[in-house]
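Source file: run19.cif; contents: mmCIF, C-alpha atoms and all ligand atoms.
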```
data_my_file
#
loop_
_atom_site.group_PDB
_atom_site.id
_atom_site.type_symbol
_atom_site.label_atom_id
_atom_site.label_comp_id
_atom_site.auth_asym_id
_atom_site.auth_seq_id
_atom_site.Cartn_x
_atom_site.Cartn_y
_atom_site.Cartn_z
ATOM 1 C CA MET M 141 -11.945 24.916 -55.384
ATOM 2 C CA GLN M 142 -15.679 24.535 -55.797
ATOM 3 C CA ASN M 143 -17.063 21.155 -56.796
ATOM 4 C CA THR M 144 -19.147 20.658 -59.898
ATOM 5 C CA ILE M 145 -22.730 19.888 -58.840
ATOM 6 C CA ILE M 146 -24.346 19.830 -62.284
ATOM 7 C CA SER M 147 -22.636 18.714 -65.456
ATOM 8 C CA VAL M 148 -24.404 18.993 -68.810
ATOM 9 C CA LYS M 149 -22.707 17.574 -71.909
ATOM 10 C CA ASP M 150 -23.850 18.005 -75.498
ATOM 11 C CA LEU M 151 -27.492 18.268 -74.488
ATOM 12 C CA LYS M 152 -29.973 18.269 -77.348
ATOM 13 C CA LYS M 153 -33.737 18.598 -77.417
ATOM 14 C CA ASN M 154 -35.910 18.382 -80.478
ATOM 15 C CA TYR M 155 -39.629 19.081 -80.503
ATOM 16 C CA GLY M 156 -40.585 17.107 -83.591
ATOM 17 C CA SER M 157 -38.324 18.425 -86.321
ATOM 18 C CA PHE M 158 -37.590 21.650 -84.416
ATOM 19 C CA ALA M 159 -34.256 21.758 -82.565
ATOM 20 C CA ALA M 160 -34.881 23.798 -79.398
ATOM 21 C CA VAL M 161 -31.565 22.908 -77.692
ATOM 22 C CA LYS M 162 -28.667 22.248 -80.044
ATOM 23 C CA GLY M 163 -25.930 20.466 -78.102
ATOM 24 C CA ILE M 164 -25.063 22.612 -75.091
ATOM 25 C CA SER M 165 -22.441 21.851 -72.435
ATOM 26 C CA PHE M 166 -21.897 23.583 -69.102
ATOM 27 C CA ASP M 167 -21.087 22.930 -65.461
ATOM 28 C CA VAL M 168 -22.694 24.478 -62.402
ATOM 29 C CA LEU M 169 -20.510 24.752 -59.318
ATOM 30 C CA GLU M 170 -21.678 23.899 -55.829
ATOM 31 C CA GLY M 171 -22.891 26.969 -53.938
ATOM 32 C CA GLU M 172 -23.048 29.376 -56.848
ATOM 33 C CA ILE M 173 -25.907 31.325 -58.376
ATOM 34 C CA PHE M 174 -25.780 30.311 -62.018
ATOM 35 C CA GLY M 175 -27.781 32.300 -64.562
ATOM 36 C CA LEU M 176 -29.182 31.052 -67.852
ATOM 37 C CA LEU M 177 -29.788 34.197 -69.852
ATOM 38 C CA GLY M 178 -31.323 34.739 -73.223
ATOM 39 C CA PRO M 179 -34.264 36.050 -75.177
ATOM 40 C CA ASN M 180 -37.639 34.314 -75.282
ATOM 41 C CA GLY M 181 -37.434 31.026 -77.131
ATOM 42 C CA ALA M 182 -33.690 30.573 -76.522
ATOM 43 C CA GLY M 183 -34.238 27.200 -74.843
ATOM 44 C CA LYS M 184 -33.759 28.177 -71.181
ATOM 45 C CA SER M 185 -36.890 26.556 -69.759
ATOM 46 C CA THR M 186 -36.414 23.433 -71.857
ATOM 47 C CA THR M 187 -32.870 23.060 -70.491
ATOM 48 C CA LEU M 188 -34.003 23.622 -66.910
ATOM 49 C CA GLU M 189 -36.913 21.210 -67.169
ATOM 50 C CA ILE M 190 -34.671 18.465 -68.542
ATOM 51 C CA ILE M 191 -32.265 18.835 -65.598
ATOM 52 C CA GLU M 192 -35.270 18.904 -63.244
ATOM 53 C CA THR M 193 -36.310 15.502 -64.700
ATOM 54 C CA LEU M 194 -39.612 17.008 -65.873
ATOM 55 C CA ARG M 195 -38.892 16.740 -69.597
ATOM 56 C CA ASN M 196 -37.174 14.082 -71.703
ATOM 57 C CA LYS M 197 -34.020 15.016 -73.565
ATOM 58 C CA THR M 198 -33.268 13.933 -77.102
ATOM 59 C CA SER M 199 -29.592 13.210 -76.392
ATOM 60 C CA GLY M 200 -26.644 14.196 -74.249
ATOM 61 C CA GLN M 201 -25.574 13.612 -70.680
ATOM 62 C CA VAL M 202 -26.796 15.237 -67.466
ATOM 63 C CA ILE M 203 -25.176 14.502 -64.103
ATOM 64 C CA VAL M 204 -26.581 16.099 -60.951
ATOM 65 C CA ASP M 205 -24.608 15.650 -57.729
ATOM 66 C CA ASN M 206 -22.932 12.571 -59.214
ATOM 67 C CA ILE M 207 -26.289 11.052 -60.173
ATOM 68 C CA ASP M 208 -26.788 10.208 -63.850
ATOM 69 C CA LEU M 209 -30.163 11.462 -65.083
ATOM 70 C CA ASP M 210 -30.476 8.409 -67.342
ATOM 71 C CA LYS M 211 -29.909 5.985 -64.481
ATOM 72 C CA ASP M 212 -31.644 7.453 -61.465
ATOM 73 C CA PRO M 213 -33.949 10.432 -62.098
ATOM 74 C CA ASP M 214 -35.879 9.746 -58.886
ATOM 75 C CA LYS M 215 -32.728 10.218 -56.861
ATOM 76 C CA ILE M 216 -32.201 13.591 -58.529
ATOM 77 C CA LYS M 217 -35.779 14.629 -57.703
ATOM 78 C CA LYS M 218 -35.041 14.143 -54.016
ATOM 79 C CA ILE M 219 -32.174 16.626 -53.875
ATOM 80 C CA ILE M 220 -33.617 19.439 -55.974
ATOM 81 C CA GLY M 221 -36.233 22.118 -55.351
ATOM 82 C CA VAL M 222 -38.526 23.035 -58.208
ATOM 83 C CA GLN M 223 -41.036 25.885 -58.391
ATOM 84 C CA LEU M 224 -44.477 24.453 -58.886
ATOM 85 C CA GLN M 225 -46.931 25.789 -61.400
ATOM 86 C CA THR M 226 -49.115 28.281 -59.565
ATOM 87 C CA SER M 227 -52.134 26.188 -60.552
ATOM 88 C CA GLY M 228 -50.845 23.641 -58.025
ATOM 89 C CA PHE M 229 -51.697 25.996 -55.161
ATOM 90 C CA TYR M 230 -55.150 24.779 -54.138
ATOM 91 C CA PRO M 231 -57.305 27.909 -53.999
ATOM 92 C CA GLY M 232 -59.216 26.977 -50.839
ATOM 93 C CA LEU M 233 -56.129 26.594 -48.627
ATOM 94 C CA ASN M 234 -54.211 29.268 -46.753
ATOM 95 C CA LEU M 235 -50.416 29.502 -46.762
ATOM 96 C CA ILE M 236 -49.951 27.432 -43.597
ATOM 97 C CA GLU M 237 -52.182 24.687 -44.968
ATOM 98 C CA LEU M 238 -50.382 24.735 -48.310
ATOM 99 C CA ILE M 239 -46.960 24.347 -46.682
ATOM 100 C CA LYS M 240 -48.243 21.447 -44.581
ATOM 101 C CA LEU M 241 -49.646 19.871 -47.731
ATOM 102 C CA PHE M 242 -46.306 20.143 -49.553
ATOM 103 C CA GLY M 243 -44.500 18.841 -46.478
ATOM 104 C CA GLY M 244 -46.770 15.807 -46.668
ATOM 105 C CA LEU M 245 -46.098 15.349 -50.379
ATOM 106 C CA TYR M 246 -42.341 15.439 -49.787
ATOM 107 C CA ASN M 247 -42.713 13.344 -46.642
ATOM 108 C CA GLN M 248 -40.863 16.055 -44.709
ATOM 109 C CA PRO M 249 -41.812 17.377 -41.304
ATOM 110 C CA VAL M 250 -42.204 21.141 -41.751
ATOM 111 C CA LYS M 251 -42.787 24.097 -39.487
ATOM 112 C CA PRO M 252 -44.966 26.385 -41.634
ATOM 113 C CA SER M 253 -44.295 29.481 -39.530
ATOM 114 C CA GLU M 254 -40.532 29.071 -40.008
ATOM 115 C CA PHE M 255 -40.945 28.822 -43.766
ATOM 116 C CA LEU M 256 -43.142 31.889 -43.893
ATOM 117 C CA LYS M 257 -40.665 33.819 -41.750
ATOM 118 C CA LEU M 258 -37.856 32.882 -44.113
ATOM 119 C CA VAL M 259 -39.637 34.640 -46.964
ATOM 120 C CA ASN M 260 -41.129 37.427 -44.859
ATOM 121 C CA LEU M 261 -44.737 36.295 -45.135
ATOM 122 C CA GLU M 262 -45.575 35.647 -41.463
ATOM 123 C CA ASP M 263 -48.333 38.269 -41.676
ATOM 124 C CA LYS M 264 -49.987 36.382 -44.508
ATOM 125 C CA ALA M 265 -50.116 32.965 -42.840
ATOM 126 C CA LYS M 266 -53.917 32.867 -42.876
ATOM 127 C CA ASN M 267 -54.271 34.303 -46.361
ATOM 128 C CA LYS M 268 -54.899 32.297 -49.479
ATOM 129 C CA TYR M 269 -52.341 32.227 -52.280
ATOM 130 C CA LYS M 270 -54.623 34.167 -54.626
ATOM 131 C CA GLU M 271 -54.836 36.983 -52.074
ATOM 132 C CA LEU M 272 -51.075 37.684 -52.306
ATOM 133 C CA SER M 273 -49.428 40.359 -54.455
ATOM 134 C CA GLY M 274 -47.159 39.321 -57.338
ATOM 135 C CA GLY M 275 -43.975 39.624 -55.269
ATOM 136 C CA GLN M 276 -45.491 37.780 -52.323
ATOM 137 C CA LYS M 277 -46.654 34.972 -54.606
ATOM 138 C CA GLN M 278 -43.111 34.564 -55.915
ATOM 139 C CA ARG M 279 -41.640 34.575 -52.398
ATOM 140 C CA PHE M 280 -44.136 31.934 -51.333
ATOM 141 C CA SER M 281 -43.424 29.832 -54.381
ATOM 142 C CA ILE M 282 -39.680 30.034 -53.631
ATOM 143 C CA ALA M 283 -40.372 28.959 -50.030
ATOM 144 C CA THR M 284 -42.059 25.830 -51.348
ATOM 145 C CA THR M 285 -38.901 24.889 -53.288
ATOM 146 C CA LEU M 286 -37.050 24.677 -49.956
ATOM 147 C CA ILE M 287 -39.403 22.243 -48.225
ATOM 148 C CA ASN M 288 -37.408 19.118 -49.049
ATOM 149 C CA GLN M 289 -34.161 20.862 -48.003
ATOM 150 C CA PRO M 290 -32.734 20.604 -51.504
ATOM 151 C CA LYS M 291 -29.086 20.993 -52.507
ATOM 152 C CA ILE M 292 -30.091 22.868 -55.654
ATOM 153 C CA ILE M 293 -33.082 25.053 -56.478
ATOM 154 C CA PHE M 294 -34.317 25.964 -59.953
ATOM 155 C CA LEU M 295 -35.980 29.328 -60.531
ATOM 156 C CA ASP M 296 -37.428 30.000 -63.982
ATOM 157 C CA GLU M 297 -37.890 33.759 -64.467
ATOM 158 C CA PRO M 298 -38.895 34.362 -60.860
ATOM 159 C CA THR M 299 -38.970 38.156 -61.224
ATOM 160 C CA THR M 300 -40.764 38.536 -64.543
ATOM 161 C CA GLY M 301 -43.608 41.010 -64.184
ATOM 162 C CA LEU M 302 -42.609 42.284 -60.739
ATOM 163 C CA ASP M 303 -42.061 45.935 -59.832
ATOM 164 C CA PRO M 304 -38.561 47.185 -58.873
ATOM 165 C CA GLN M 305 -39.027 46.790 -55.094
ATOM 166 C CA ALA M 306 -40.412 43.301 -55.390
ATOM 167 C CA ARG M 307 -37.510 42.339 -57.675
ATOM 168 C CA ARG M 308 -34.947 43.662 -55.198
ATOM 169 C CA ASN M 309 -36.667 41.834 -52.338
ATOM 170 C CA LEU M 310 -36.473 38.650 -54.344
ATOM 171 C CA TRP M 311 -32.766 39.187 -55.118
ATOM 172 C CA ASP M 312 -32.109 39.519 -51.376
ATOM 173 C CA LEU M 313 -34.070 36.346 -50.717
ATOM 174 C CA ILE M 314 -32.189 34.399 -53.389
ATOM 175 C CA LYS M 315 -28.810 35.607 -52.057
ATOM 176 C CA ASP M 316 -29.947 34.614 -48.588
ATOM 177 C CA ILE M 317 -30.800 31.090 -49.750
ATOM 178 C CA ARG M 318 -27.418 30.765 -51.447
ATOM 179 C CA SER M 319 -25.604 32.024 -48.338
ATOM 180 C CA LYS M 320 -26.992 28.974 -46.534
ATOM 181 C CA GLY M 321 -25.223 26.720 -49.035
ATOM 182 C CA THR M 322 -27.941 26.016 -51.604
ATOM 183 C CA THR M 323 -26.921 26.144 -55.254
ATOM 184 C CA VAL M 324 -29.276 28.278 -57.355
ATOM 185 C CA ILE M 325 -29.962 28.075 -61.079
ATOM 186 C CA ILE M 326 -32.034 30.955 -62.341
ATOM 187 C CA THR M 327 -33.243 32.042 -65.748
ATOM 188 C CA THR M 328 -33.874 35.665 -66.553
ATOM 189 C CA HIS M 329 -33.920 38.046 -69.454
ATOM 190 C CA TYR M 330 -33.105 41.010 -67.202
ATOM 191 C CA MET M 331 -29.400 41.716 -67.562
ATOM 192 C CA ASP M 332 -29.265 44.052 -64.545
ATOM 193 C CA GLU M 333 -30.619 41.192 -62.478
ATOM 194 C CA ALA M 334 -28.026 38.757 -63.771
ATOM 195 C CA GLU M 335 -25.240 41.258 -63.080
ATOM 196 C CA GLN M 336 -26.466 41.788 -59.505
ATOM 197 C CA LEU M 337 -27.216 38.234 -58.652
ATOM 198 C CA CYS M 338 -25.264 35.685 -60.652
ATOM 199 C CA ASP M 339 -21.742 34.426 -59.980
ATOM 200 C CA ARG M 340 -21.583 33.069 -63.522
ATOM 201 C CA VAL M 341 -23.897 33.257 -66.484
ATOM 202 C CA ALA M 342 -24.435 31.317 -69.683
ATOM 203 C CA ILE M 343 -25.938 33.361 -72.487
ATOM 204 C CA MET M 344 -28.203 31.246 -74.691
ATOM 205 C CA ASP M 345 -29.531 32.116 -78.100
ATOM 206 C CA GLU M 346 -31.450 29.884 -80.485
ATOM 207 C CA GLY M 347 -30.622 26.725 -78.559
ATOM 208 C CA LYS M 348 -26.895 27.365 -78.183
ATOM 209 C CA ILE M 349 -24.677 28.763 -75.462
ATOM 210 C CA ILE M 350 -22.850 31.700 -77.007
ATOM 211 C CA ALA M 351 -20.955 32.884 -73.904
ATOM 212 C CA LEU M 352 -20.259 31.589 -70.409
ATOM 213 C CA ASP M 353 -18.341 33.361 -67.638
ATOM 214 C CA THR M 354 -18.692 35.730 -64.702
ATOM 215 C CA PRO M 355 -20.592 38.918 -65.581
ATOM 216 C CA ASP M 356 -17.425 40.857 -64.806
ATOM 217 C CA LYS M 357 -15.254 38.879 -67.257
ATOM 218 C CA LEU M 358 -17.854 39.108 -70.016
ATOM 219 C CA ILE M 359 -18.003 42.883 -69.596
ATOM 220 C CA ASP M 360 -14.195 43.153 -69.519
ATOM 221 C CA GLU M 361 -13.943 41.094 -72.715
ATOM 222 C CA LEU M 362 -16.372 43.391 -74.473
ATOM 223 C CA VAL M 363 -14.514 46.474 -73.253
ATOM 224 C CA ALA M 364 -11.238 44.927 -74.463
ATOM 225 C CA THR M 365 -12.618 44.836 -78.014
ATOM 226 C CA GLY M 366 -12.766 48.616 -77.906
ATOM 227 C CA PHE M 367 -16.491 48.745 -77.223
ATOM 228 C CA GLU M 368 -17.721 51.921 -75.594
ATOM 229 C CA ARG M 369 -21.192 52.991 -74.668
ATOM 230 C CA PRO M 370 -22.316 55.557 -77.208
ATOM 231 C CA LYS M 371 -23.069 58.190 -74.554
ATOM 232 C CA VAL M 372 -21.599 58.885 -71.148
ATOM 233 C CA THR M 373 -24.306 57.685 -68.835
ATOM 234 C CA LYS M 374 -25.460 59.666 -65.827
ATOM 235 C CA SER M 375 -24.519 58.285 -62.436
ATOM 236 C CA ALA M 376 -28.168 57.403 -61.800
ATOM 237 C CA ASN M 377 -31.064 56.259 -63.936
ATOM 238 C CA LEU M 378 -34.844 56.543 -63.736
ATOM 239 C CA GLU M 379 -35.111 53.307 -61.782
ATOM 240 C CA ASP M 380 -32.752 54.781 -59.163
ATOM 241 C CA VAL M 381 -35.048 57.802 -58.947
ATOM 242 C CA PHE M 382 -38.061 55.540 -58.517
ATOM 243 C CA ILE M 383 -36.417 53.413 -55.826
ATOM 244 C CA HIS M 384 -35.074 56.510 -54.063
ATOM 245 C CA LEU M 385 -38.518 58.117 -53.974
ATOM 246 C CA THR M 386 -40.559 55.058 -53.068
ATOM 247 C CA GLY M 387 -38.072 53.229 -50.823
ATOM 248 C CA LYS M 388 -36.547 49.823 -51.358
ATOM 249 C CA ASP M 389 -37.506 48.080 -48.124
ATOM 250 C CA PHE M 390 -39.980 45.269 -47.785
ATOM 251 C CA ARG M 391 -43.419 46.705 -48.253
ATOM 252 C CA GLU M 392 -46.651 45.804 -49.933
ATOM 253 C CA ASP M 393 -45.110 44.463 -53.110
HETATM 254 P P1 LIG Z 401 -37.147 30.019 -73.254
HETATM 255 O O1 LIG Z 401 -37.461 29.464 -71.895
HETATM 256 O O2 LIG Z 401 -35.716 30.423 -73.411
HETATM 257 O O3 LIG Z 401 -38.060 31.134 -73.615
HETATM 258 P P2 LIG Z 401 -38.153 27.479 -74.229
HETATM 259 O O4 LIG Z 401 -37.266 26.436 -73.722
HETATM 260 O O5 LIG Z 401 -39.461 27.664 -73.533
HETATM 261 O O6 LIG Z 401 -37.356 28.872 -74.321
HETATM 262 O O7 LIG Z 401 -38.483 27.219 -75.744
HETATM 263 C C1 LIG Z 401 -37.461 27.002 -76.720
HETATM 264 C C2 LIG Z 401 -38.113 26.770 -78.067
HETATM 265 O O8 LIG Z 401 -38.786 25.521 -78.049
HETATM 266 C C3 LIG Z 401 -39.150 27.809 -78.453
HETATM 267 O O9 LIG Z 401 -39.041 28.053 -79.826
HETATM 268 C C4 LIG Z 401 -40.465 27.155 -78.113
HETATM 269 O O10 LIG Z 401 -41.492 27.617 -78.951
HETATM 270 C C5 LIG Z 401 -40.155 25.686 -78.374
HETATM 271 N N1 LIG Z 401 -40.949 24.811 -77.490
HETATM 272 C C6 LIG Z 401 -40.959 24.843 -76.138
HETATM 273 N N2 LIG Z 401 -41.753 23.884 -75.623
HETATM 274 C C7 LIG Z 401 -42.279 23.230 -76.688
HETATM 275 C C8 LIG Z 401 -43.179 22.126 -76.840
HETATM 276 N N3 LIG Z 401 -43.699 21.505 -75.776
HETATM 277 N N4 LIG Z 401 -43.475 21.723 -78.088
HETATM 278 C C9 LIG Z 401 -42.941 22.329 -79.165
HETATM 279 N N5 LIG Z 401 -42.084 23.375 -79.104
HETATM 280 C C10 LIG Z 401 -41.756 23.814 -77.889
HETATM 281 MG MG MG Z 402 -38.806 30.080 -70.449
#
```
Could you write out this file's structure as structure tokens?
Amino acid sequence: MQNTIISVKDLKKNYGSFAAVKGISFDVLEGEIFGLLGPNGAGKSTTLEIIETLRNKTSGQVIVDNIDLDKDPDKIKKIIGVQLQTSGFYPGLNLIELIKLFGGLYNQPVKPSEFLKLVNLEDKAKNKYKELSGGQKQRFSIATTLINQPKIIFLDEPTTGLDPQARRNLWDLIKDIRSKGTTVIITTHYMDEAEQLCDRVAIMDEGKIIALDTPDKLIDELVATGFERPKVTKSANLEDVFIHLTGKDFRED
């Protein structure tokens, strides 16, 4: 039995008179990759930012690792890893210097080379953040979430805008982080990604959770209603062709 590490009950968020999150409840289990899925504007980032203590909620209850958000948000901050806005990456510093800087901010002794190795960026140690490719930037940003050795990391659309190789590299990295015991909450609007990566998903739409289960169960439920894909699909698609031709290993992504 997995323990509940995040419990959200009847969470609501209004921006003025606009209800962005309309009373959602869900639990995240320790050690899982939990996906918040949904179209733009569904309320995914708002929900994440409230749990991350970065945004005030309107009402509801949030408990993270037995800590009540209303009572001790600072204690929650210490056990979570949050992706920083890229504007926080001082342009004059190289990756080693940036990791040392974040280590200082979190008051954590860090070995920059180990962090860069973890995300396969050893070669870029002396480069500046702005000199990285899109995929490398995301890998670096994920490395920074791990600096305070968090129990939970939050990734808000980490693969948006990346090419297929870079996305697959990132999936491997995220699975790797989870295999070391870290709980991962990720938002995405790529369903293939959620199916590959997530143990359980909550589908959000217009501020509500409209489904929550393992990808497998959700698919089985749909199939049980008699749903069939309109056409028999081929056993490969164009993305498979692309990956097959260009290779899926780490490369200049
Ligand atoms: P998602 O991450 O799923 O795309 P968001 O949580 O960013 O959704 O946004 C949910 C809704 O709340 C959207 O309609 C968005 O326009 C609105 N919203 C988000 N942030 C603010 C804000 N600071 N002020 C007013 N409305 C906001
Ligand atoms: Mg968002």
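Considering all atoms listed in the file, the residues that reside within 8 Å of ligand MG 402 (chain Z) can be listed as Asn180, Gly181, Ala182, Gly183, Lys184, Ser185, Thr186, Asp296, Glu297 and Thr327 of chain M.
Using only C-alpha atoms, the nearest neighbour of Pro249 of chain M within the list M:Lys218, M:Gly274, M:Gln289, M:Thr322 is M:Gln289.
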| Close residues to ligand LIG 401 (chain Z) using only C-alpha atoms and all ligand atoms, limit 10 Å, as a PyMOL selection string | chain M and resi 153-161+176-190+195+296-297+327-329+344-347
Just to be explicit: take each residue in the selection above, keep C-alpha atoms, and write the result as a CSV table (one decimal), in the frame of the given file.
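File produced: selection29.csv:
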```csv
chain,number,residue,atom,x,y,z
M,153,LYS,CA,-33.7,18.6,-77.4
M,154,ASN,CA,-35.9,18.4,-80.5
M,155,TYR,CA,-39.6,19.1,-80.5
M,156,GLY,CA,-40.6,17.1,-83.6
M,157,SER,CA,-38.3,18.4,-86.3
M,158,PHE,CA,-37.6,21.6,-84.4
M,159,ALA,CA,-34.3,21.8,-82.6
M,160,ALA,CA,-34.9,23.8,-79.4
M,161,VAL,CA,-31.6,22.9,-77.7
M,176,LEU,CA,-29.2,31.1,-67.9
M,177,LEU,CA,-29.8,34.2,-69.9
M,178,GLY,CA,-31.3,34.7,-73.2
M,179,PRO,CA,-34.3,36.0,-75.2
M,180,ASN,CA,-37.6,34.3,-75.3
M,181,GLY,CA,-37.4,31.0,-77.1
M,182,ALA,CA,-33.7,30.6,-76.5
M,183,GLY,CA,-34.2,27.2,-74.8
M,184,LYS,CA,-33.8,28.2,-71.2
M,185,SER,CA,-36.9,26.6,-69.8
M,186,THR,CA,-36.4,23.4,-71.9
M,187,THR,CA,-32.9,23.1,-70.5
M,188,LEU,CA,-34.0,23.6,-66.9
M,189,GLU,CA,-36.9,21.2,-67.2
M,190,ILE,CA,-34.7,18.5,-68.5
M,195,ARG,CA,-38.9,16.7,-69.6
M,296,ASP,CA,-37.4,30.0,-64.0
M,297,GLU,CA,-37.9,33.8,-64.5
M,327,THR,CA,-33.2,32.0,-65.7
M,328,THR,CA,-33.9,35.7,-66.6
M,329,HIS,CA,-33.9,38.0,-69.5
M,344,MET,CA,-28.2,31.2,-74.7
M,345,ASP,CA,-29.5,32.1,-78.1
M,346,GLU,CA,-31.4,29.9,-80.5
M,347,GLY,CA,-30.6,26.7,-78.6
```
| Residues in the PyMOL selection byres (((chain M and resi 230-232) around 7) and not hetatm), expressed as a PyMOL selection string | chain M and resi 228-229+233-234+268-270
| query | So which residues get picked by the PyMOL selection byres (((chain M and resi 250-259) around 6) and not hetatm) here, written as a PyMOL selection string? | reply | chain M and resi 236+239+243+249+260-262+279
Keeping only C-alpha atoms, write the selected residues as an mmCIF file, keeping the file's coordinate frame.
```cif
data_model
loop_
_atom_site.group_PDB
_atom_site.id
_atom_site.type_symbol
_atom_site.label_atom_id
_atom_site.label_comp_id
_atom_site.auth_asym_id
_atom_site.auth_seq_id
_atom_site.Cartn_x
_atom_site.Cartn_y
_atom_site.Cartn_z
ATOM 1 C CA ILE M 236 -49.951 27.432 -43.597
ATOM 2 C CA ILE M 239 -46.960 24.347 -46.682
ATOM 3 C CA GLY M 243 -44.500 18.841 -46.478
ATOM 4 C CA PRO M 249 -41.812 17.377 -41.304
ATOM 5 C CA ASN M 260 -41.129 37.427 -44.859
ATOM 6 C CA LEU M 261 -44.737 36.295 -45.135
ATOM 7 C CA GLU M 262 -45.575 35.647 -41.463
ATOM 8 C CA ARG M 279 -41.640 34.575 -52.398
#
```
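Using only C-alpha atoms, the shortest contact distance between Asp150 of chain M and any of M:Ile349, M:Leu362, M:Leu378, M:Ile314 is found at M:Ile349.
Restricting the calculation to all atoms listed in the file, the smallest distance between Asp212 of chain M and any of M:Phe367, M:Val381, M:Ile287, M:Thr193 is found for M:Thr193.
For the atom pair formed by atom CA of Gly175 of chain M and atom CA of Ala334 of chain M, the distance is 6.5 Å, given to one decimal.
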| task | To verify the selection step, state as a PyMOL selection string which residues the PyMOL selection byres (((chain M and resi 307) around 12) and not hetatm) yields on this input. | result | chain M and resi 274-276+278-279+297-306+308-314+328+330+332-334+336-337+379+383+388-391+393
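In this structure, atom CA of Val148 of chain M sits 26.2 Å away from atom CA of Asp360 of chain M.
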| Which one of M:Leu272, M:Val204, M:Ile173, M:Ile343 sits closest to Ser147 of chain M if you count all atoms listed in the file? | M:Val204
| query | If you measure from atom CA of Leu209 of chain M to atom CA of Leu151 of chain M, what distance in Å do you get, rounded to one decimal? | reply | 11.9 Å
| query | For Leu238 of chain M, which of M:Ile216, M:Thr284, M:Leu224, M:Leu194 is the closest residue, counting only C-alpha atoms? | reply | M:Thr284
| task | Point out the residue among M:Ile219, M:Lys149, M:Asp263, M:Lys162 with the least atom-to-atom distance to Thr323 of chain M, counting all atoms listed in the file. | result | M:Ile219
Dump all heavy atoms of segment 321-325 of chain M from the given block, as a tab-separated table (two decimals), in the first residue's frame.
```tsv
chain	number	residue	atom	x	y	z
M	321	GLY	N	12.83	7.29	-5.82
M	321	GLY	CA	11.91	7.48	-4.70
M	321	GLY	C	11.21	8.82	-4.64
M	321	GLY	O	10.40	9.07	-3.75
M	322	THR	N	11.52	9.71	-5.58
M	322	THR	CA	10.88	11.04	-5.57
M	322	THR	C	9.49	10.95	-6.22
M	322	THR	O	9.34	10.34	-7.27
M	322	THR	CB	11.75	12.04	-6.37
M	322	THR	OG1	13.09	11.93	-5.91
M	322	THR	CG2	11.26	13.46	-6.21
M	323	THR	N	8.52	11.56	-5.59
M	323	THR	CA	7.19	11.66	-6.18
M	323	THR	C	7.20	12.79	-7.21
M	323	THR	O	7.82	13.83	-6.98
M	323	THR	CB	6.16	11.97	-5.08
M	323	THR	OG1	6.26	10.98	-4.06
M	323	THR	CG2	4.74	12.01	-5.63
M	324	VAL	N	6.53	12.57	-8.34
M	324	VAL	CA	6.54	13.57	-9.41
M	324	VAL	C	5.10	13.95	-9.76
M	324	VAL	O	4.26	13.09	-10.01
M	324	VAL	CB	7.23	13.02	-10.69
M	324	VAL	CG1	7.23	14.07	-11.80
M	324	VAL	CG2	8.66	12.55	-10.40
M	325	ILE	N	4.84	15.26	-9.76
M	325	ILE	CA	3.57	15.74	-10.32
M	325	ILE	C	3.90	16.52	-11.57
M	325	ILE	O	4.75	17.42	-11.55
M	325	ILE	CB	2.81	16.69	-9.37
M	325	ILE	CG1	2.59	16.03	-8.05
M	325	ILE	CG2	1.48	17.09	-9.99
M	325	ILE	CD1	1.57	16.77	-7.24
```
